[in-house]
$ cat entry-v5.txt   # compact mmCIF, C-alpha atoms and all ligand atoms
# COMPACT_ATOMS: atom_id res chain seq x y z
CA MET A 1 -29.95 -64.27 -50.45
CA PRO A 2 -26.63 -63.06 -51.88
CA ASP A 3 -24.12 -65.84 -52.30
CA PHE A 4 -20.79 -65.54 -50.48
CA SER A 5 -18.38 -68.05 -49.01
CA ASP A 6 -17.83 -69.18 -45.43
CA THR A 7 -14.18 -68.32 -46.01
CA LEU A 8 -15.07 -64.66 -46.46
CA VAL A 9 -17.18 -64.64 -43.28
CA ASP A 10 -14.41 -66.42 -41.32
CA ARG A 11 -11.74 -64.09 -42.62
CA LEU A 12 -13.85 -61.02 -41.76
CA ALA A 13 -14.69 -62.34 -38.30
CA GLY A 14 -11.01 -62.99 -37.58
CA ALA A 15 -9.55 -59.90 -39.27
CA ASP A 16 -7.40 -57.38 -37.43
CA ALA A 17 -8.00 -54.83 -40.18
CA VAL A 18 -10.53 -54.59 -42.99
CA ALA A 19 -10.42 -52.09 -45.85
CA VAL A 20 -13.31 -51.39 -48.19
CA LEU A 21 -13.04 -49.53 -51.49
CA THR A 22 -16.34 -48.07 -52.64
CA GLY A 23 -17.55 -46.50 -55.86
CA ALA A 24 -20.69 -44.99 -57.33
CA GLY A 25 -22.54 -48.33 -57.28
CA ILE A 26 -22.92 -48.28 -53.50
CA SER A 27 -24.91 -45.05 -53.78
CA ALA A 28 -27.02 -46.17 -56.74
CA GLU A 29 -29.65 -47.52 -54.35
CA SER A 30 -29.83 -44.06 -52.75
CA GLY A 31 -30.95 -42.75 -56.13
CA ILE A 32 -27.63 -41.13 -57.05
CA PRO A 33 -26.75 -41.92 -60.66
CA THR A 34 -23.49 -43.77 -61.18
CA PHE A 35 -20.76 -41.74 -62.72
CA ARG A 36 -21.46 -42.51 -66.33
CA ASP A 37 -25.26 -42.53 -66.20
CA PRO A 38 -27.36 -39.74 -67.70
CA ASP A 39 -28.18 -37.12 -65.09
CA GLY A 40 -31.58 -35.64 -65.95
CA LEU A 41 -31.41 -31.94 -66.65
CA TRP A 42 -27.67 -32.06 -67.09
CA GLU A 43 -27.42 -35.12 -69.29
CA LYS A 44 -26.42 -33.05 -72.29
CA PHE A 45 -23.17 -32.23 -70.52
CA ASP A 46 -20.33 -34.68 -70.50
CA PRO A 47 -18.75 -34.85 -67.03
CA GLN A 48 -15.33 -35.13 -68.62
CA GLU A 49 -15.96 -31.77 -70.29
CA LEU A 50 -17.15 -29.95 -67.16
CA ALA A 51 -15.05 -31.58 -64.47
CA ASN A 52 -11.76 -29.88 -65.23
CA VAL A 53 -10.12 -26.60 -64.34
CA GLU A 54 -10.10 -25.23 -67.89
CA ALA A 55 -13.88 -25.65 -68.20
CA PHE A 56 -14.28 -24.00 -64.81
CA LEU A 57 -12.17 -20.97 -65.69
CA ASP A 58 -13.88 -20.73 -69.05
CA ASN A 59 -17.38 -20.72 -67.57
CA PRO A 60 -17.31 -20.73 -63.74
CA GLU A 61 -21.01 -20.12 -63.42
CA LEU A 62 -21.91 -23.17 -65.56
CA VAL A 63 -19.57 -25.49 -63.64
CA GLN A 64 -20.61 -24.08 -60.24
CA GLY A 65 -24.25 -24.54 -61.27
CA TRP A 66 -23.66 -28.15 -62.33
CA TYR A 67 -21.95 -28.98 -59.03
CA ARG A 68 -24.64 -27.18 -57.08
CA HIS A 69 -27.22 -29.35 -58.84
CA ARG A 70 -25.24 -32.49 -58.00
CA ARG A 71 -24.76 -31.32 -54.37
CA GLN A 72 -28.50 -30.82 -54.02
CA LEU A 73 -29.10 -34.36 -55.34
CA VAL A 74 -26.83 -35.85 -52.69
CA GLU A 75 -28.26 -33.67 -49.93
CA GLU A 76 -31.74 -34.90 -50.79
CA ALA A 77 -30.55 -38.52 -50.87
CA GLU A 78 -30.24 -40.77 -47.81
CA PRO A 79 -27.62 -43.40 -47.00
CA ASN A 80 -28.97 -46.85 -47.96
CA ALA A 81 -28.79 -50.29 -46.38
CA GLY A 82 -25.33 -50.86 -47.91
CA HIS A 83 -23.81 -47.70 -46.38
CA ARG A 84 -25.43 -48.50 -43.04
CA ALA A 85 -24.28 -52.14 -43.03
CA LEU A 86 -20.68 -51.04 -43.62
CA ALA A 87 -20.89 -48.62 -40.70
CA GLU A 88 -22.38 -51.38 -38.53
CA LEU A 89 -19.73 -53.91 -39.57
CA GLU A 90 -17.26 -51.78 -37.58
CA ALA A 91 -18.71 -53.22 -34.37
CA HIS A 92 -17.53 -56.69 -35.40
CA VAL A 93 -13.96 -56.07 -36.58
CA SER A 94 -10.99 -54.39 -34.90
CA GLU A 95 -10.44 -51.81 -37.60
CA LEU A 96 -12.43 -50.90 -40.70
CA SER A 97 -11.40 -48.21 -43.17
CA VAL A 98 -13.66 -47.07 -45.97
CA ILE A 99 -11.72 -45.79 -48.97
CA THR A 100 -14.23 -44.10 -51.21
CA GLN A 101 -14.16 -42.67 -54.70
CA ASN A 102 -17.55 -41.11 -54.03
CA VAL A 103 -17.95 -37.42 -53.25
CA ASP A 104 -21.49 -37.78 -51.88
CA ASP A 105 -20.76 -37.80 -48.12
CA LEU A 106 -23.11 -40.77 -47.59
CA HIS A 107 -20.58 -42.94 -45.70
CA ASN A 108 -20.10 -40.13 -43.18
CA ARG A 109 -23.83 -39.66 -42.88
CA ALA A 110 -24.31 -43.42 -42.37
CA GLY A 111 -21.91 -43.25 -39.40
CA SER A 112 -18.72 -44.85 -40.75
CA GLY A 113 -15.85 -43.85 -38.46
CA THR A 114 -12.93 -43.85 -40.92
CA VAL A 115 -13.77 -42.53 -44.36
CA ILE A 116 -10.89 -41.78 -46.71
CA GLU A 117 -12.16 -39.54 -49.52
CA LEU A 118 -9.96 -40.10 -52.56
CA HIS A 119 -11.91 -37.78 -54.86
CA GLY A 120 -13.01 -35.11 -52.37
CA ASN A 121 -16.46 -34.24 -51.08
CA ILE A 122 -19.06 -32.34 -53.08
CA THR A 123 -20.70 -30.86 -49.98
CA ARG A 124 -17.58 -28.76 -49.38
CA ASN A 125 -16.42 -25.72 -51.39
CA TYR A 126 -13.32 -23.58 -51.13
CA CYS A 127 -11.75 -20.49 -52.65
CA MET A 128 -9.36 -21.23 -55.47
CA ASP A 129 -7.15 -18.27 -54.54
CA CYS A 130 -6.97 -18.21 -50.73
CA ASP A 131 -8.08 -21.83 -50.02
CA ARG A 132 -10.59 -20.69 -47.37
CA PRO A 133 -13.65 -22.94 -47.08
CA ALA A 134 -16.80 -21.38 -48.54
CA GLU A 135 -20.38 -21.84 -47.37
CA PRO A 136 -22.73 -23.58 -49.81
CA GLU A 137 -25.15 -20.66 -49.32
CA THR A 138 -22.58 -18.32 -50.91
CA VAL A 139 -22.63 -20.48 -54.04
CA ASP A 140 -26.42 -20.83 -54.01
CA ALA A 141 -26.98 -17.06 -53.71
CA ALA A 142 -24.60 -16.25 -56.56
CA ILE A 143 -26.08 -18.87 -58.90
CA GLN A 144 -29.59 -17.60 -58.16
CA ASP A 145 -28.41 -14.06 -59.00
CA GLY A 146 -26.87 -15.33 -62.24
CA ARG A 147 -23.25 -14.49 -61.37
CA PRO A 148 -20.22 -16.66 -60.54
CA ALA A 149 -19.73 -17.40 -56.84
CA ARG A 150 -16.75 -15.55 -55.38
CA CYS A 151 -14.95 -15.65 -52.05
CA PRO A 152 -16.29 -13.05 -49.60
CA GLU A 153 -12.70 -12.55 -48.31
CA CYS A 154 -10.57 -12.23 -51.45
CA ASP A 155 -13.00 -12.33 -54.40
CA GLY A 156 -11.38 -15.50 -55.77
CA LEU A 157 -13.59 -18.03 -57.56
CA ILE A 158 -15.20 -20.67 -55.35
CA ARG A 159 -14.88 -24.27 -56.48
CA PRO A 160 -16.20 -27.59 -55.21
CA ASP A 161 -13.78 -29.65 -53.11
CA VAL A 162 -13.62 -32.48 -55.64
CA VAL A 163 -10.79 -33.87 -57.74
CA TRP A 164 -11.14 -32.87 -61.38
CA PHE A 165 -9.72 -34.63 -64.42
CA GLY A 166 -6.05 -33.82 -64.69
CA GLU A 167 -5.69 -33.02 -60.98
CA MET A 168 -3.75 -34.89 -58.32
CA LEU A 169 -5.58 -36.81 -55.64
CA PRO A 170 -5.22 -35.34 -52.13
CA PRO A 171 -1.83 -36.75 -51.02
CA ASP A 172 -2.94 -37.35 -47.42
CA ALA A 173 -5.93 -39.41 -48.63
CA VAL A 174 -3.70 -41.52 -50.89
CA GLU A 175 -1.24 -42.05 -48.03
CA ARG A 176 -4.01 -43.14 -45.64
CA ALA A 177 -5.53 -45.42 -48.30
CA ASP A 178 -2.12 -47.01 -48.90
CA ALA A 179 -1.63 -47.59 -45.19
CA ALA A 180 -5.14 -49.06 -44.75
CA THR A 181 -4.54 -51.31 -47.76
CA SER A 182 -1.27 -52.67 -46.43
CA ARG A 183 -2.78 -53.34 -42.97
CA ALA A 184 -5.87 -55.10 -44.39
CA ASP A 185 -6.43 -58.84 -43.84
CA VAL A 186 -9.63 -58.59 -45.83
CA PHE A 187 -10.34 -56.13 -48.62
CA LEU A 188 -13.80 -55.53 -50.12
CA SER A 189 -14.25 -53.71 -53.43
CA VAL A 190 -17.87 -52.51 -53.59
CA GLY A 191 -19.83 -50.85 -56.38
CA THR A 192 -16.89 -49.75 -58.45
CA SER A 193 -16.06 -50.56 -62.05
CA ALA A 194 -12.42 -50.57 -60.84
CA VAL A 195 -11.05 -48.93 -63.95
CA VAL A 196 -9.93 -45.59 -62.49
CA TYR A 197 -6.48 -45.39 -60.90
CA PRO A 198 -5.06 -45.25 -58.33
CA ALA A 199 -8.28 -46.49 -56.63
CA ALA A 200 -8.41 -49.70 -58.68
CA GLN A 201 -4.92 -50.68 -57.61
CA PHE A 202 -5.73 -50.89 -53.87
CA PRO A 203 -7.57 -54.25 -53.96
CA VAL A 204 -4.86 -55.71 -56.19
CA GLU A 205 -2.13 -54.49 -53.84
CA ALA A 206 -4.02 -55.81 -50.83
CA ARG A 207 -4.18 -59.26 -52.39
CA ALA A 208 -0.48 -59.17 -53.25
CA GLY A 209 0.10 -58.45 -49.55
CA GLY A 210 -1.88 -61.52 -48.50
CA ALA A 211 -5.36 -60.08 -47.94
CA TYR A 212 -8.49 -62.00 -48.93
CA VAL A 213 -10.19 -59.85 -51.57
CA ALA A 214 -13.88 -59.94 -52.48
CA GLU A 215 -15.82 -57.69 -54.82
CA ILE A 216 -19.51 -56.85 -54.53
CA ASN A 217 -20.98 -55.83 -57.86
CA PRO A 218 -23.84 -57.13 -60.02
CA ASP A 219 -21.46 -56.97 -63.01
CA THR A 220 -17.90 -57.92 -63.78
CA THR A 221 -15.29 -55.23 -63.16
CA GLY A 222 -11.75 -54.36 -64.18
CA ILE A 223 -10.42 -56.53 -61.33
CA THR A 224 -12.78 -59.50 -61.48
CA ASP A 225 -9.96 -61.80 -62.60
CA GLU A 226 -7.80 -60.67 -59.69
CA VAL A 227 -10.11 -61.14 -56.71
CA ASP A 228 -10.65 -64.21 -54.54
CA GLU A 229 -14.40 -63.97 -54.70
CA SER A 230 -17.09 -62.06 -56.60
CA ILE A 231 -20.48 -61.48 -54.98
CA ARG A 232 -22.87 -60.76 -57.84
CA ALA A 233 -25.52 -58.77 -55.98
CA PRO A 234 -26.41 -55.14 -55.25
CA ALA A 235 -24.47 -53.65 -52.33
CA GLY A 236 -27.73 -52.91 -50.49
CA GLU A 237 -28.43 -56.65 -50.34
CA ALA A 238 -24.95 -58.13 -50.06
CA LEU A 239 -23.55 -55.89 -47.31
CA PRO A 240 -26.42 -56.33 -44.82
CA ALA A 241 -26.28 -60.12 -45.38
CA LEU A 242 -22.51 -60.09 -44.84
CA ARG A 243 -22.87 -57.94 -41.70
CA ASP A 244 -25.42 -60.40 -40.30
CA ALA A 245 -23.25 -63.41 -41.09
CA VAL A 246 -20.17 -61.85 -39.46
CA SER A 247 -22.21 -60.71 -36.49
CA ALA A 248 -23.58 -64.25 -36.02
CA ARG A 249 -20.01 -65.61 -36.20
CA THR A 250 -18.52 -63.11 -33.74
CA THR A 251 -21.35 -63.11 -31.20
CA GLY A 252 -22.68 -66.65 -31.71
P1 LIG A 301 -18.71 -46.32 -62.29
O1 LIG A 301 -19.92 -45.56 -62.74
O2 LIG A 301 -17.57 -46.47 -63.21
O3 LIG A 301 -19.13 -47.81 -61.88
C1 LIG A 301 -20.21 -48.07 -61.05
C2 LIG A 301 -20.21 -49.56 -60.73
O4 LIG A 301 -21.25 -49.82 -59.82
C3 LIG A 301 -20.45 -50.47 -61.95
O5 LIG A 301 -19.45 -51.49 -61.95
C4 LIG A 301 -21.84 -51.09 -61.67
O6 LIG A 301 -21.93 -52.44 -62.13
C5 LIG A 301 -21.87 -51.04 -60.16
N1 LIG A 301 -23.20 -51.01 -59.56
C6 LIG A 301 -24.34 -50.47 -60.03
N2 LIG A 301 -25.35 -50.62 -59.15
C7 LIG A 301 -24.82 -51.27 -58.07
C8 LIG A 301 -25.34 -51.71 -56.83
N3 LIG A 301 -26.61 -51.51 -56.48
N4 LIG A 301 -24.50 -52.33 -55.97
C9 LIG A 301 -23.21 -52.54 -56.29
N5 LIG A 301 -22.67 -52.15 -57.46
C10 LIG A 301 -23.45 -51.52 -58.34
O7 LIG A 301 -18.30 -45.66 -60.90
P2 LIG A 301 -16.90 -45.71 -60.14
O8 LIG A 301 -16.26 -47.03 -60.25
O9 LIG A 301 -17.16 -45.17 -58.78
O10 LIG A 301 -13.77 -40.08 -60.65
O11 LIG A 301 -16.06 -44.65 -60.96
C11 LIG A 301 -14.80 -44.30 -60.48
C12 LIG A 301 -14.47 -42.87 -60.81
O12 LIG A 301 -14.70 -42.65 -62.21
C13 LIG A 301 -15.35 -41.84 -60.17
O13 LIG A 301 -15.02 -41.58 -58.80
C14 LIG A 301 -15.06 -40.63 -61.02
C15 LIG A 301 -14.98 -41.26 -62.41
O14 LIG A 301 -13.95 -40.77 -63.22
C16 LIG A 301 -13.62 -38.74 -60.49
O15 LIG A 301 -14.54 -37.97 -60.64
C17 LIG A 301 -12.25 -38.29 -60.14
$ encode --input "entry-v5.txt" --output "structure tokens"
Amino acid sequence: MPDFSDTLVDRLAGADAVAVLTGAGISAESGIPTFRDPDGLWEKFDPQELANVEAFLDNPELVQGWYRHRRQLVEEAEPNAGHRALAELEAHVSELSVITQNVDDLHNRAGSGTVIELHGNITRNYCMDCDRPAEPETVDAAIQDGRPARCPECDGLIRPDVVWFGEMLPPDAVERADAATSRADVFLSVGTSAVVYPAAQFPVEARAGGAYVAEINPDTTGITDEVDESIRAPAGEALPALRDAVSARTTG
């Protein structure tokens, strides 16, 4: 049984607004490697070397193929007990916003109502030139034919809708994450090493604004010294237990 305080359960049960920052660790139990883990076939590639616009322009087919491989991994994966518990926690609090660094779409698939995608979503693609969305099948067909995927409308290169190194985060997502952070009475930081900014600053800002902040992570993180409480357990165990405890408090 994961260990968390009565204070956390009370604060969640009484909260007007809850915000949850998630990272790769929440999807680890769905079989999706965390960001820095080796990735089978592609482990010889360093994400930092492929996930940038220069690498893409240099070798679009390679980068499109790598993202297609990663998209297929997430499409084959299923949301786990942690994703589902977060979606279900919504029934017990007035407002719950999920701010995610993940691009895997699993919070949406688990049924979370408000998902703020800071780093984009790998299931979407768009044309670099005309910005039109592109169907994944367009990418798949091109890769299978051994040519770069191009926009059927303007022939521009198609890229995944993810934030690459050196790129700005989507401003509307940052604005929504800021607003959710400042409204939050309770802030949970789940499955993130909390070393990448601006994501890592949200829990710290929430606490400065008076929120009760807890992290859920088997290991220490970049913000361990700055949270009220650390739950040292996998998200797939801690979040269902927390959901049950809050549910018992709000309905009992
Ligand atoms: P990381 O790979 O840096 O960290 C994953 C965290 O998950 C670690 O702290 C693990 O201890 C923890 N973890 C592992 N299994 C877990 C489990 N079952 N339950 C809970 N926690 C678990 O991933 P992120 O913090 O998401 O950005 O990385 C942030 C960003 O770094 C990524 O979004 C990516 C990368 O640069 C972009 O691509 C823009």
$ residues_near_ligand --input "entry-v5.txt" --ligand "ligand LIG 301 (chain A)" --cutoff "7 Å" --atoms "all atoms listed in the file" --output "PyMOL selection string"
chain A and resi 22-26+28-29+34-36+101-102+119+163-165+190-196+216-221+233-236
$ closest_residue --input "entry-v5.txt" --among "A:Leu118, A:Leu239, A:Ala87, A:Val204" --to "A:Ile99" --atoms "all atoms listed in the file"
A:Leu118
$ closest_residue --input "entry-v5.txt" --among "A:Ile143, A:Ile158, A:Met168, A:Ala206" --to "A:Asp129" --atoms "only C-alpha atoms"
A:Ile158
$ atom_distance --input "entry-v5.txt" --atom1 "atom CA of A:Ala149" --atom2 "atom CA of A:His69"
14.2 Å
$ atom_distance --input "entry-v5.txt" --atom1 "atom CA of A:Asp140" --atom2 "atom CA of A:Arg68"
7.3 Å
$ atom_distance --input "entry-v5.txt" --atom1 "atom CA of A:Ile32" --atom2 "atom CA of A:His83"
13.1 Å
$ residues_around --input "entry-v5.txt" --residues "A:Ser94" --least-positions-apart "6" --cutoff "12 Å" --atoms "only C-alpha atoms" --output "list of chain:residue names"
A:Leu12, A:Ala13, A:Gly14, A:Ala15, A:Asp16, A:Ala17, A:Val18, A:Ala19, A:Arg183, A:Ala184, A:Asp185, A:Val186, A:Thr250
$ closest_residue --input "entry-v5.txt" --among "A:Phe4, A:Tyr126, A:Trp66, A:Phe187" --to "A:Leu157" --atoms "all atoms listed in the file"
A:Tyr126
$ residues_near_point --input "entry-v5.txt" --point "(-18.3, -63.1, -51.9)" --cutoff "6 Å" --atoms "all atoms listed in the file" --output "MDAnalysis selection string"
chainID A and resid 4:5 214 229:231
$ closest_residue --input "entry-v5.txt" --among "A:Ser112, A:Ser189, A:Ser27, A:Ser182" --to "A:Val74" --atoms "only C-alpha atoms"
A:Ser27
$ closest_residue --input "entry-v5.txt" --among "A:Glu175, A:Asp3, A:Glu226, A:Glu135" --to "A:Ala200" --atoms "all atoms listed in the file"
A:Glu226
$ closest_residue --input "entry-v5.txt" --among "A:Asp161, A:Asp10, A:Asp225, A:Asp104" --to "A:Cys127" --atoms "only C-alpha atoms"
A:Asp161
$ residues_near_point --input "entry-v5.txt" --point "(-26.1, -33.7, -56.1)" --cutoff "12 Å" --atoms "only C-alpha atoms" --output "PyMOL selection string"
chain A and resi 27+30-35+39-42+64-78+102-106+121-124+160
$ residues_around --input "entry-v5.txt" --residues "A:Ala248" --least-positions-apart "4" --cutoff "10 Å" --atoms "all atoms listed in the file" --output "ChimeraX atom specification"
/A:9,13,92,242-244,252
$ residues_around --input "entry-v5.txt" --residues "A:Ser97" --least-positions-apart "2" --cutoff "8 Å" --atoms "only C-alpha atoms" --output "PDB file with C-alpha atoms, keeping the file's coordinate frame"
ATOM      1  CA  VAL A  18     -10.530 -54.590 -42.990  1.00  0.00           C
ATOM      2  CA  ALA A  19     -10.420 -52.090 -45.850  1.00  0.00           C
ATOM      3  CA  VAL A  20     -13.310 -51.390 -48.190  1.00  0.00           C
ATOM      4  CA  GLU A  95     -10.440 -51.810 -37.600  1.00  0.00           C
ATOM      5  CA  ILE A  99     -11.720 -45.790 -48.970  1.00  0.00           C
ATOM      6  CA  GLY A 113     -15.850 -43.850 -38.460  1.00  0.00           C
ATOM      7  CA  THR A 114     -12.930 -43.850 -40.920  1.00  0.00           C
ATOM      8  CA  VAL A 115     -13.770 -42.530 -44.360  1.00  0.00           C
ATOM      9  CA  ILE A 116     -10.890 -41.780 -46.710  1.00  0.00           C
ATOM     10  CA  ALA A 180      -5.140 -49.060 -44.750  1.00  0.00           C
TER      11      ALA A 180
END
